[in-house]
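Novice: Pasting run18.tsv below, which is TSV, C-alpha atoms.
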chain	number	residue	atom	x	y	z
A	5	MET	CA	-5.14	3.25	10.83
A	6	ILE	CA	-1.81	2.49	12.49
A	7	ASP	CA	0.58	3.40	9.67
A	8	ARG	CA	1.85	6.55	11.40
A	9	PHE	CA	3.01	4.44	14.35
A	10	MET	CA	4.21	1.48	12.29
A	11	ARG	CA	6.19	3.70	9.91
A	12	GLY	CA	8.57	4.65	12.72
A	13	VAL	CA	8.90	1.01	13.80
A	14	LYS	CA	9.52	-0.07	10.20
A	15	ASN	CA	12.16	2.61	9.63
A	16	ALA	CA	13.99	1.60	12.80
A	17	LEU	CA	13.98	-2.09	11.83
A	18	LEU	CA	15.13	-1.46	8.27
A	19	ARG	CA	17.73	1.21	8.98
A	20	GLY	CA	20.55	-1.34	9.34
A	21	PRO	CA	19.98	-3.14	6.03
A	22	ALA	CA	19.24	0.18	4.34
A	23	THR	CA	22.51	1.68	5.59
A	24	LEU	CA	24.42	-1.28	4.20
A	25	LEU	CA	22.67	-1.14	0.83
A	26	SER	CA	23.01	2.63	0.58
A	27	ARG	CA	26.78	2.23	0.23
A	28	HIS	CA	26.34	0.29	-3.00
A	29	VAL	CA	23.04	1.22	-4.65
A	30	SER	CA	20.60	4.11	-4.89
A	31	ALA	CA	16.93	3.88	-4.00
A	32	LEU	CA	15.36	3.64	-7.47
A	33	PRO	CA	16.85	0.24	-8.40
A	34	ILE	CA	15.52	-1.11	-5.09
A	35	THR	CA	12.08	0.29	-5.95
A	36	VAL	CA	12.21	-1.49	-9.32
A	37	ALA	CA	13.38	-4.70	-7.62
A	38	ALA	CA	10.47	-4.42	-5.16
A	39	PHE	CA	8.04	-4.24	-8.07
A	40	ALA	CA	9.69	-7.22	-9.79
A	41	VAL	CA	9.38	-9.28	-6.61
A	42	GLY	CA	5.76	-8.18	-6.24
A	43	ALA	CA	5.07	-9.22	-9.84
A	44	ALA	CA	6.63	-12.61	-9.08
A	45	ALA	CA	4.28	-12.91	-6.09
A	46	VAL	CA	1.34	-12.28	-8.40
A	47	ILE	CA	2.51	-14.99	-10.82
A	48	ALA	CA	3.07	-17.45	-7.97
A	49	ALA	CA	-0.41	-16.78	-6.58
A	50	ALA	CA	-2.02	-17.22	-10.00
A	51	THR	CA	-0.39	-20.65	-10.30
A	52	GLY	CA	-1.41	-21.80	-6.82
A	53	ALA	CA	1.98	-21.53	-5.10
A	54	MET	CA	0.53	-19.58	-2.19
A	55	VAL	CA	3.36	-20.09	0.33
A	56	ILE	CA	5.91	-18.92	-2.24
A	57	ALA	CA	3.60	-16.05	-3.19
A	58	CYS	CA	3.34	-15.04	0.47
A	59	ALA	CA	7.13	-15.07	0.90
A	60	LEU	CA	7.53	-12.94	-2.22
A	61	TRP	CA	4.74	-10.59	-1.10
A	62	LEU	CA	6.43	-10.00	2.25
A	63	ALA	CA	9.79	-9.52	0.50
A	64	ASN	CA	8.09	-6.93	-1.72
A	65	ARG	CA	6.90	-5.07	1.36
A	66	ILE	CA	10.35	-5.17	2.97
A	67	LEU	CA	12.03	-3.84	-0.16
A	68	ASP	CA	9.33	-1.18	-0.39
A	69	GLY	CA	10.34	-0.01	3.07
A	70	ILE	CA	14.06	-0.19	2.41
A	71	ASP	CA	14.03	1.97	-0.73
A	72	GLY	CA	12.68	5.03	1.06
A	73	GLU	CA	15.14	4.60	3.90
A	74	VAL	CA	18.02	4.32	1.41
A	75	ALA	CA	16.84	7.50	-0.32
A	76	ARG	CA	16.84	9.38	3.00
A	77	ILE	CA	20.27	8.07	4.01
A	78	ARG	CA	21.78	9.06	0.65
A	79	GLY	CA	19.91	12.38	0.59
A	80	GLU	CA	18.29	11.39	-2.69
A	81	SER	CA	14.58	11.53	-1.88
A	82	SER	CA	12.82	12.60	-5.07
A	83	ASP	CA	9.38	13.06	-6.55
A	84	LEU	CA	10.22	10.56	-9.30
A	85	GLY	CA	11.20	7.92	-6.77
A	86	GLY	CA	8.02	8.47	-4.79
A	87	TYR	CA	5.93	8.30	-7.94
A	88	VAL	CA	7.49	5.05	-9.20
A	89	ASP	CA	7.14	3.55	-5.73
A	90	MET	CA	3.45	4.46	-5.51
A	91	LEU	CA	2.73	3.23	-9.04
A	92	GLY	CA	4.36	-0.13	-8.36
A	93	ASP	CA	2.47	-0.50	-5.10
A	94	ALA	CA	-0.87	0.26	-6.75
A	95	ILE	CA	-0.30	-2.35	-9.46
A	96	VAL	CA	0.76	-5.10	-7.05
A	97	TYR	CA	-2.02	-4.28	-4.57
A	98	ALA	CA	-4.64	-4.71	-7.32
A	99	ALA	CA	-3.07	-7.68	-9.11
A	100	LEU	CA	-2.30	-9.91	-6.12
A	101	PRO	CA	-5.89	-10.51	-4.91
A	102	ALA	CA	-7.00	-10.87	-8.53
A	103	ALA	CA	-4.35	-13.58	-8.99
A	104	ILE	CA	-5.54	-15.40	-5.87
A	105	ALA	CA	-9.11	-15.31	-7.18
A	106	LEU	CA	-7.94	-16.58	-10.57
A	107	ASP	CA	-6.34	-19.60	-8.95
A	108	ARG	CA	-9.26	-20.30	-6.63
A	109	GLY	CA	-11.86	-20.33	-9.39
A	110	ASP	CA	-14.63	-19.97	-6.79
A	111	PRO	CA	-17.42	-17.57	-7.86
A	112	ALA	CA	-18.15	-16.45	-4.28
A	113	PHE	CA	-14.50	-15.70	-3.61
A	114	THR	CA	-14.09	-13.98	-6.97
A	115	MET	CA	-17.10	-11.74	-6.32
A	116	SER	CA	-15.97	-10.80	-2.80
A	117	THR	CA	-12.47	-10.10	-4.12
A	118	LEU	CA	-13.81	-7.84	-6.86
A	119	VAL	CA	-15.82	-5.92	-4.25
A	120	MET	CA	-12.68	-5.57	-2.12
A	121	ILE	CA	-10.56	-4.34	-5.04
A	122	ALA	CA	-13.26	-1.78	-5.93
A	123	ALA	CA	-13.35	-0.58	-2.32
A	124	PHE	CA	-9.56	-0.34	-2.23
A	125	TYR	CA	-9.57	1.64	-5.49
A	126	GLY	CA	-12.01	4.10	-3.94
A	127	ASN	CA	-9.97	4.17	-0.74
A	128	LEU	CA	-6.84	4.98	-2.75
A	129	ALA	CA	-8.59	7.78	-4.62
A	130	SER	CA	-10.00	9.15	-1.36
A	131	TRP	CA	-6.58	9.97	0.05
A	132	MET	CA	-4.52	10.67	-3.06
A	133	TYR	CA	-6.52	13.73	-4.07
A	134	LEU	CA	-6.59	14.95	-0.47
A	135	SER	CA	-2.80	14.64	-0.48
A	136	ALA	CA	-2.68	16.98	-3.47
A	137	ILE	CA	-4.98	19.44	-1.69
A	138	LEU	CA	-2.81	19.38	1.44
A	139	GLU	CA	0.26	20.08	-0.71
A	140	LYS	CA	-1.56	22.93	-2.45
A	141	ARG	CA	-2.52	24.46	0.90
A	142	GLN	CA	0.91	23.81	2.39
A	143	GLN	CA	-0.73	21.94	5.27
A	144	THR	CA	1.45	18.84	5.11
A	145	ASP	CA	3.09	17.24	8.13
A	146	PRO	CA	6.71	18.47	8.30
A	147	ALA	CA	7.68	15.32	10.20
A	148	ARG	CA	6.43	12.92	7.52
A	149	THR	CA	8.85	10.39	6.02
A	150	THR	CA	6.90	9.73	2.80
A	151	SER	CA	6.98	11.60	-0.52
A	152	ILE	CA	3.41	12.83	0.00
A	153	ASP	CA	1.14	13.31	2.97
A	154	MET	CA	-1.26	10.40	3.46
A	155	PRO	CA	-4.44	11.30	5.39
A	156	SER	CA	-5.26	8.54	7.87
A	157	GLY	CA	-8.08	6.05	7.43
A	158	LEU	CA	-9.15	2.67	8.76
A	159	MET	CA	-7.57	0.64	5.93
A	160	GLU	CA	-3.96	1.61	5.30
A	161	GLY	CA	-0.77	-0.18	4.35
A	162	THR	CA	-0.27	-2.18	7.55
A	163	GLU	CA	-3.82	-3.50	7.55
A	164	THR	CA	-3.58	-4.40	3.86
A	165	ILE	CA	-0.35	-6.35	4.41
A	166	VAL	CA	-2.02	-8.40	7.15
A	167	LEU	CA	-5.15	-8.90	5.04
A	168	TYR	CA	-3.33	-10.06	1.90
A	169	THR	CA	-1.11	-12.38	3.94
A	170	ALA	CA	-4.25	-13.94	5.43
A	171	LEU	CA	-5.79	-14.31	1.95
A	172	LEU	CA	-2.70	-16.21	0.81
A	173	LEU	CA	-2.35	-18.47	3.84
A	174	ILE	CA	-5.96	-19.06	5.00
A	175	PRO	CA	-7.87	-19.75	1.78
A	176	GLN	CA	-10.82	-21.34	3.57
A	177	TRP	CA	-11.61	-17.93	5.07
A	178	GLY	CA	-11.04	-16.06	1.82
A	179	VAL	CA	-14.57	-14.74	1.31
A	180	ALA	CA	-14.81	-13.39	4.85
A	181	ILE	CA	-11.33	-11.86	4.68
A	182	ALA	CA	-12.08	-10.14	1.37
A	183	LEU	CA	-15.35	-8.74	2.68
A	184	ILE	CA	-13.60	-7.45	5.80
A	185	GLY	CA	-11.12	-5.70	3.51
A	186	ALA	CA	-13.95	-4.24	1.44
A	187	ALA	CA	-15.68	-2.97	4.57
A	188	GLY	CA	-12.44	-1.43	5.84
A	189	GLY	CA	-11.87	0.30	2.52
A	190	GLY	CA	-15.44	1.61	2.56
A	191	VAL	CA	-15.01	3.03	6.06
A	192	GLY	CA	-11.79	4.74	4.95
A	193	ILE	CA	-13.62	6.40	2.06
A	194	ILE	CA	-16.33	7.69	4.41
A	195	GLN	CA	-13.76	8.94	6.94
A	196	ARG	CA	-11.95	11.04	4.37
A	197	LEU	CA	-15.17	12.24	2.75
A	198	VAL	CA	-16.38	13.51	6.13
A	199	TRP	CA	-13.03	15.25	6.64
A	200	ALA	CA	-13.27	16.82	3.17
A	201	VAL	CA	-16.83	18.08	3.72
A	202	ARG	CA	-15.91	19.61	7.07
A	203	THR	CA	-12.65	21.14	5.88
A	204	LEU	CA	-13.25	22.03	2.24
A	205	GLY	CA	-16.97	22.71	2.30
A	206	SER	CA	-16.47	26.00	4.12
A	207	GLU	CA	-14.38	27.50	1.30
A	208	PRO	CA	-15.81	30.72	-0.16
A	209	GLY	CA	-17.73	30.10	-3.36
A	210	ARG	CA	-17.89	26.33	-2.81
Show this structure as structure tokens.
Specialist:
Amino acid sequence: MIDRFMRGVKNALLRGPATLLSRHVSALPITVAAFAVGAAAVIAAATGAMVIACALWLANRILDGIDGEVARIRGESSDLGGYVDMLGDAIVYAALPAAIALDRGDPAFTMSTLVMIAAFYGNLASWMYLSAILEKRQQTDPARTTSIDMPSGLMEGTETIVLYTALLLIPQWGVAIALIGAAGGGVGIIQRLVWAVRTLGSEPGR
């Protein structure tokens, strides 16, 4: 919901570290490092080390922001880099809440987490295909700073970072937090479906 605003803030905050790193390393190794740190967060969460998992999760998000900025500084933005970045994000975003549920061993929390992951999967699908359609129609935002256009919705990256951080640090509210995430993902699906019906439904022969 607020990613378009936060992306500019994030880029400004990370430009200094990214400029320093860009003198020594390209973006792709940072992307791989971000995934490795995210995987470590998943392992930490699965073993109950939630504070460590949270620190690693936030480090994963910082590295995920730095790699794109490094690519832009070095003039090396690429489809491959964007693809690897997105793939790593999708894996960590699905595995982290599953790891938290594995450690908790609470049926209510596990069920609410599964519902949230399913909603997030649908939310992801709802904008990824629309991104392809926008590329096909050449209707992308020329001012974007991401590899692909990401149609807005209620539950985006910023909201997910806050939500997962809360899941890690406030376990007693885990069921409610997961259900809030599921509801946000569901609203995002509906938002983009409404946009698609209004925009694509008027095509000839459709």
Novice: Just checking: using only C-alpha atoms, which residue out of A:Ala38, A:Ala200, A:Gln195, A:Ile181 ends up closest to A:Thr169?
Specialist: A:Ile181
Novice: I want to know what sits within 12 Å of stretch 25-35 of chain A, based on all atoms listed in the file, with residues of the same chain fewer than 3 positions away left out; could you give that as number ranges by chain?
Specialist: A: 18-22, 38-42, 63-93
Novice: Can you list, as a list in words, every protein, DNA or RNA residue that comes within 7 Å of A:Met120 when you count all atoms listed in the file, leaving out same-chain residues fewer than 3 positions away?
Specialist: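 Here the qualifying residues turn out to be Ser116, Thr117, Ala123, Phe124, Ala182, Leu183, Gly185 and Ala186 of chain A.
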Novice: For those residues, write C-alpha atoms to a file as a compact mmCIF listing (two decimals), in the coordinates of the input.
Specialist:
# COMPACT_ATOMS: atom_id res chain seq x y z
CA SER A 116 -15.97 -10.80 -2.80
CA THR A 117 -12.47 -10.10 -4.12
CA ALA A 123 -13.35 -0.58 -2.32
CA PHE A 124 -9.56 -0.34 -2.23
CA ALA A 182 -12.08 -10.14 1.37
CA LEU A 183 -15.35 -8.74 2.68
CA GLY A 185 -11.12 -5.70 3.51
CA ALA A 186 -13.95 -4.24 1.44
Novice: What is the distance, in Å and to one decimal place, between atom CA of A:Val96 and atom CA of A:Lys140?
Specialist: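 It comes out at 28.5 Å.
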Novice: Please compute the atom CA of A:Tyr168-atom CA of A:Ala122 distance, one decimal, in Å.
Specialist: 15.1 Å
Novice: Find, counting only C-alpha atoms, the residue in A:Thr164, A:Leu173, A:Arg196, A:Asn15 that gets nearest to A:Met132.
Specialist: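 Closest to A:Met132 of all the choices is A:Arg196.
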Novice: For A:Thr114, which residue among A:Ala136, A:Ile193, A:Ala102, A:Ala49 is the nearest when counting all atoms listed in the file?
Specialist: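 Of A:Ala136, A:Ile193, A:Ala102, A:Ala49, the one nearest A:Thr114, counting all atoms listed in the file, is A:Ala102.
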Novice: Using all atoms listed in the file for the distances, tell me which of A:Val201, A:Gly161, A:Pro111, A:Trp61 is nearest to A:Met10.
Specialist: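 Nearest candidate to A:Met10 out of A:Val201, A:Gly161, A:Pro111, A:Trp61: A:Gly161.
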Novice: Between A:Ala170, A:Val119, A:Ala44, A:Val191, single out the one closest to A:Ile56, counting all atoms listed in the file.
Specialist: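 Result for the nearest residue to A:Ile56: A:Ala44.
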Novice: Counting only C-alpha atoms, which residue out of A:Gly178, A:Gly126, A:Gly192, A:Pro101 sits closest to A:Ile165?
Specialist: A:Pro101
Novice: To one decimal place in Å, what is the distance between atom CA of A:Leu204 and atom CA of A:Ile137?
Specialist: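 It comes out at 9.5 Å.
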Novice: Could you list, as a list in words, every residue within 8 Å of A:Ala57, counting only C-alpha atoms and ignoring same-chain residues fewer than 6 positions away?
Specialist: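 What passes the distance filter is Ala44, Ala45, Val46, Ile47, Ala48, Ala49 and Leu172 of chain A.
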Novice: Would you mind putting N, CA and C atoms back on stretch 83-116 of chain A and writing the result as a compact mmCIF listing (two decimals), in the frame of the given file?
Specialist:
# COMPACT_ATOMS: atom_id res chain seq x y z
N ASP A 83 10.76 13.25 -6.11
CA ASP A 83 9.38 13.06 -6.55
C ASP A 83 9.26 11.87 -7.49
N LEU A 84 10.25 11.68 -8.37
CA LEU A 84 10.22 10.56 -9.30
C LEU A 84 10.24 9.23 -8.54
N GLY A 85 11.12 9.15 -7.56
CA GLY A 85 11.20 7.92 -6.77
C GLY A 85 9.90 7.62 -6.05
N GLY A 86 9.30 8.66 -5.47
CA GLY A 86 8.02 8.47 -4.79
C GLY A 86 6.92 8.05 -5.74
N TYR A 87 6.95 8.62 -6.94
CA TYR A 87 5.93 8.30 -7.94
C TYR A 87 6.05 6.85 -8.41
N VAL A 88 7.27 6.43 -8.74
CA VAL A 88 7.49 5.05 -9.20
C VAL A 88 7.13 4.07 -8.10
N ASP A 89 7.48 4.39 -6.88
CA ASP A 89 7.14 3.55 -5.73
C ASP A 89 5.63 3.39 -5.60
N MET A 90 4.91 4.50 -5.66
CA MET A 90 3.45 4.46 -5.51
C MET A 90 2.80 3.71 -6.66
N LEU A 91 3.30 3.91 -7.87
CA LEU A 91 2.73 3.23 -9.04
C LEU A 91 2.91 1.72 -8.92
N GLY A 92 4.11 1.30 -8.54
CA GLY A 92 4.36 -0.13 -8.36
C GLY A 92 3.48 -0.74 -7.29
N ASP A 93 3.33 -0.02 -6.18
CA ASP A 93 2.47 -0.50 -5.10
C ASP A 93 1.04 -0.68 -5.58
N ALA A 94 0.52 0.31 -6.30
CA ALA A 94 -0.87 0.26 -6.75
C ALA A 94 -1.11 -0.94 -7.67
N ILE A 95 -0.15 -1.22 -8.54
CA ILE A 95 -0.30 -2.35 -9.46
C ILE A 95 -0.30 -3.68 -8.70
N VAL A 96 0.66 -3.85 -7.80
CA VAL A 96 0.76 -5.10 -7.05
C VAL A 96 -0.45 -5.28 -6.13
N TYR A 97 -0.88 -4.20 -5.49
CA TYR A 97 -2.02 -4.28 -4.57
C TYR A 97 -3.30 -4.69 -5.29
N ALA A 98 -3.45 -4.32 -6.56
CA ALA A 98 -4.64 -4.71 -7.32
C ALA A 98 -4.48 -6.11 -7.91
N ALA A 99 -3.27 -6.43 -8.39
CA ALA A 99 -3.07 -7.68 -9.11
C ALA A 99 -3.01 -8.90 -8.20
N LEU A 100 -2.49 -8.74 -6.98
CA LEU A 100 -2.30 -9.91 -6.12
C LEU A 100 -3.63 -10.57 -5.74
N PRO A 101 -4.61 -9.84 -5.21
CA PRO A 101 -5.89 -10.51 -4.91
C PRO A 101 -6.58 -11.05 -6.15
N ALA A 102 -6.42 -10.36 -7.28
CA ALA A 102 -7.00 -10.87 -8.53
C ALA A 102 -6.36 -12.20 -8.91
N ALA A 103 -5.05 -12.33 -8.69
CA ALA A 103 -4.35 -13.58 -8.99
C ALA A 103 -4.82 -14.70 -8.07
N ILE A 104 -5.03 -14.39 -6.81
CA ILE A 104 -5.54 -15.40 -5.87
C ILE A 104 -6.91 -15.88 -6.31
N ALA A 105 -7.77 -14.95 -6.71
CA ALA A 105 -9.11 -15.31 -7.18
C ALA A 105 -9.04 -16.15 -8.45
N LEU A 106 -8.11 -15.82 -9.33
CA LEU A 106 -7.94 -16.58 -10.57
C LEU A 106 -7.60 -18.03 -10.27
N ASP A 107 -6.71 -18.24 -9.31
CA ASP A 107 -6.34 -19.60 -8.95
C ASP A 107 -7.48 -20.34 -8.26
N ARG A 108 -8.19 -19.64 -7.39
CA ARG A 108 -9.26 -20.30 -6.63
C ARG A 108 -10.40 -20.77 -7.54
N GLY A 109 -10.78 -19.95 -8.49
CA GLY A 109 -11.86 -20.33 -9.39
C GLY A 109 -13.20 -20.50 -8.71
N ASP A 110 -13.38 -19.87 -7.56
CA ASP A 110 -14.63 -19.97 -6.79
C ASP A 110 -15.43 -18.69 -7.02
N PRO A 111 -16.65 -18.78 -7.56
CA PRO A 111 -17.42 -17.57 -7.86
C PRO A 111 -17.65 -16.67 -6.64
N ALA A 112 -17.91 -17.26 -5.48
CA ALA A 112 -18.15 -16.45 -4.28
C ALA A 112 -16.90 -15.68 -3.89
N PHE A 113 -15.75 -16.37 -3.95
CA PHE A 113 -14.50 -15.70 -3.61
C PHE A 113 -14.15 -14.63 -4.64
N THR A 114 -14.37 -14.95 -5.91
CA THR A 114 -14.09 -13.98 -6.97
C THR A 114 -14.93 -12.72 -6.79
N MET A 115 -16.23 -12.90 -6.50
CA MET A 115 -17.10 -11.74 -6.32
C MET A 115 -16.67 -10.90 -5.12
N SER A 116 -16.38 -11.55 -4.00
CA SER A 116 -15.97 -10.80 -2.80
C SER A 116 -14.64 -10.10 -3.04
